[in-house]
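This report concerns only the one structure given below.
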Amino acid sequence: MIFIFGGAGQGQEAYAKEQYGEKLLFDFHLKVREWMKQGKDPMEETKSILKEQPDVVIVSTEIGCGVVPVDSFEREYREETGRACCYLASQAKKVIRVLCGIGMVIKE
């Protein structure tokens, strides 16, 4: 598995398409939100993806920066997303951070 992340609007999706082209899972951070709204455990769902698709390229937007949300669901969502992304990074054979469309390998 390869994990690609970056801030909003930094070009991680375009980078992933250009570099890897197939087996891409975009908007991982939004999947975490969906799972939470469905009452599912984001960590278990993340582990399930890795088990079913070990060669997937997962792309996520970094959402932990900025002002802490007042809404309790939004705070929990950011926390769960951060934990799931940390897990992805720990399991990935390669982790790439994209900034201004440039991919920087931070784990290989």
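Note on naming: chains are A, B, ... as they come in the structure tokens, residues start from 1 per chain, ligands start from 1 in the order shown.
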
Skipping near chain neighbours, those fewer than 2 positions away, what residues fall within 6 Å of Val59 (chain A) using only C-alpha atoms, listed as a PDB file with N, CA and C atoms, in the first residue's frame?
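And here is the file that came out, part.pdb:
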```
ATOM      1  N   ILE A   4      -0.685   8.571   0.259  1.00  0.00           N
ATOM      2  CA  ILE A   4      -0.385   9.917  -0.222  1.00  0.00           C
ATOM      3  C   ILE A   4      -1.311  10.888   0.497  1.00  0.00           C
ATOM      4  N   PHE A   5      -0.734  11.942   1.056  1.00  0.00           N
ATOM      5  CA  PHE A   5      -1.563  12.923   1.751  1.00  0.00           C
ATOM      6  C   PHE A   5      -1.028  14.327   1.508  1.00  0.00           C
ATOM      7  N   PHE A  26      -9.425   7.556  -3.407  1.00  0.00           N
ATOM      8  CA  PHE A  26      -9.356   8.988  -3.114  1.00  0.00           C
ATOM      9  C   PHE A  26     -10.226   9.362  -1.917  1.00  0.00           C
ATOM     10  N   ASP A  27      -9.948  10.508  -1.349  1.00  0.00           N
ATOM     11  CA  ASP A  27     -10.761  11.122  -0.283  1.00  0.00           C
ATOM     12  C   ASP A  27     -10.955  10.201   0.921  1.00  0.00           C
TER      13      ASP A  27
END
```

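Distances from A:Asp55, A:Glu13, A:Glu74, A:Glu108 to Val95 (chain A) were compared using only C-alpha atoms, and the smallest one belongs to A:Glu108.
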
So which bits of chain A end up alpha helix (DSSP H) when you DSSP the backbone, as a ChimeraX atom specification? /A:12-19,28-37,42-52,72-91

Limited to C-alpha atoms, could you put the picked residues into a file as a PDB file, in the first residue's frame?
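Writing done, so here's selection.pdb:
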```pdb
ATOM      1  CA  GLN A  12      -2.391  15.027  -4.154  1.00  0.00           C
ATOM      2  CA  GLU A  13      -5.105  13.530  -6.380  1.00  0.00           C
ATOM      3  CA  ALA A  14      -3.462  14.737  -9.599  1.00  0.00           C
ATOM      4  CA  TYR A  15      -0.092  13.516  -8.331  1.00  0.00           C
ATOM      5  CA  ALA A  16      -1.523  10.076  -7.497  1.00  0.00           C
ATOM      6  CA  LYS A  17      -3.178   9.733 -10.919  1.00  0.00           C
ATOM      7  CA  GLU A  18       0.001  10.779 -12.711  1.00  0.00           C
ATOM      8  CA  GLN A  19       2.319   8.531 -10.705  1.00  0.00           C
ATOM      9  CA  PHE A  28      -9.939   8.708   2.527  1.00  0.00           C
ATOM     10  CA  HIS A  29     -10.743  11.460   5.046  1.00  0.00           C
ATOM     11  CA  LEU A  30     -14.321  11.592   3.744  1.00  0.00           C
ATOM     12  CA  LYS A  31     -14.643   7.824   4.044  1.00  0.00           C
ATOM     13  CA  VAL A  32     -13.819   8.163   7.746  1.00  0.00           C
ATOM     14  CA  ARG A  33     -16.671  10.688   8.076  1.00  0.00           C
ATOM     15  CA  GLU A  34     -19.089   8.320   6.291  1.00  0.00           C
ATOM     16  CA  TRP A  35     -18.083   5.396   8.498  1.00  0.00           C
ATOM     17  CA  MET A  36     -18.580   7.440  11.647  1.00  0.00           C
ATOM     18  CA  LYS A  37     -22.023   8.607  10.528  1.00  0.00           C
ATOM     19  CA  PRO A  42     -12.922   3.824  11.267  1.00  0.00           C
ATOM     20  CA  MET A  43      -9.885   1.828  12.365  1.00  0.00           C
ATOM     21  CA  GLU A  44     -11.571  -1.506  11.676  1.00  0.00           C
ATOM     22  CA  GLU A  45     -12.746  -0.249   8.277  1.00  0.00           C
ATOM     23  CA  THR A  46      -9.222   0.943   7.482  1.00  0.00           C
ATOM     24  CA  LYS A  47      -7.752  -2.442   8.385  1.00  0.00           C
ATOM     25  CA  SER A  48     -10.403  -4.119   6.231  1.00  0.00           C
ATOM     26  CA  ILE A  49      -9.387  -2.033   3.191  1.00  0.00           C
ATOM     27  CA  LEU A  50      -5.746  -3.018   3.636  1.00  0.00           C
ATOM     28  CA  LYS A  51      -6.649  -6.678   3.980  1.00  0.00           C
ATOM     29  CA  GLU A  52      -8.866  -6.671   0.873  1.00  0.00           C
ATOM     30  CA  SER A  72     -17.959  17.680  19.064  1.00  0.00           C
ATOM     31  CA  PHE A  73     -18.559  15.412  16.046  1.00  0.00           C
ATOM     32  CA  GLU A  74     -16.099  17.445  13.974  1.00  0.00           C
ATOM     33  CA  ARG A  75     -13.459  17.188  16.721  1.00  0.00           C
ATOM     34  CA  GLU A  76     -13.956  13.434  16.993  1.00  0.00           C
ATOM     35  CA  TYR A  77     -13.899  13.124  13.189  1.00  0.00           C
ATOM     36  CA  ARG A  78     -10.544  14.909  13.011  1.00  0.00           C
ATOM     37  CA  GLU A  79      -9.141  12.713  15.762  1.00  0.00           C
ATOM     38  CA  GLU A  80     -10.342   9.466  14.175  1.00  0.00           C
ATOM     39  CA  THR A  81      -9.032  10.539  10.770  1.00  0.00           C
ATOM     40  CA  GLY A  82      -5.656  11.382  12.263  1.00  0.00           C
ATOM     41  CA  ARG A  83      -5.423   8.014  13.988  1.00  0.00           C
ATOM     42  CA  ALA A  84      -6.416   6.141  10.841  1.00  0.00           C
ATOM     43  CA  CYS A  85      -3.894   8.099   8.771  1.00  0.00           C
ATOM     44  CA  CYS A  86      -1.149   7.361  11.313  1.00  0.00           C
ATOM     45  CA  TYR A  87      -2.024   3.687  11.026  1.00  0.00           C
ATOM     46  CA  LEU A  88      -1.931   3.879   7.223  1.00  0.00           C
ATOM     47  CA  ALA A  89       1.485   5.538   7.358  1.00  0.00           C
ATOM     48  CA  SER A  90       2.796   2.845   9.695  1.00  0.00           C
ATOM     49  CA  GLN A  91       1.592   0.072   7.373  1.00  0.00           C
TER      50      GLN A  91
END
```

Residue nearest Gly21 (chain A) among A:Met104, A:Val68, A:Arg97, A:Val57 (counting only C-alpha atoms):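 So, comparing all the options, the nearest one is A:Val57.
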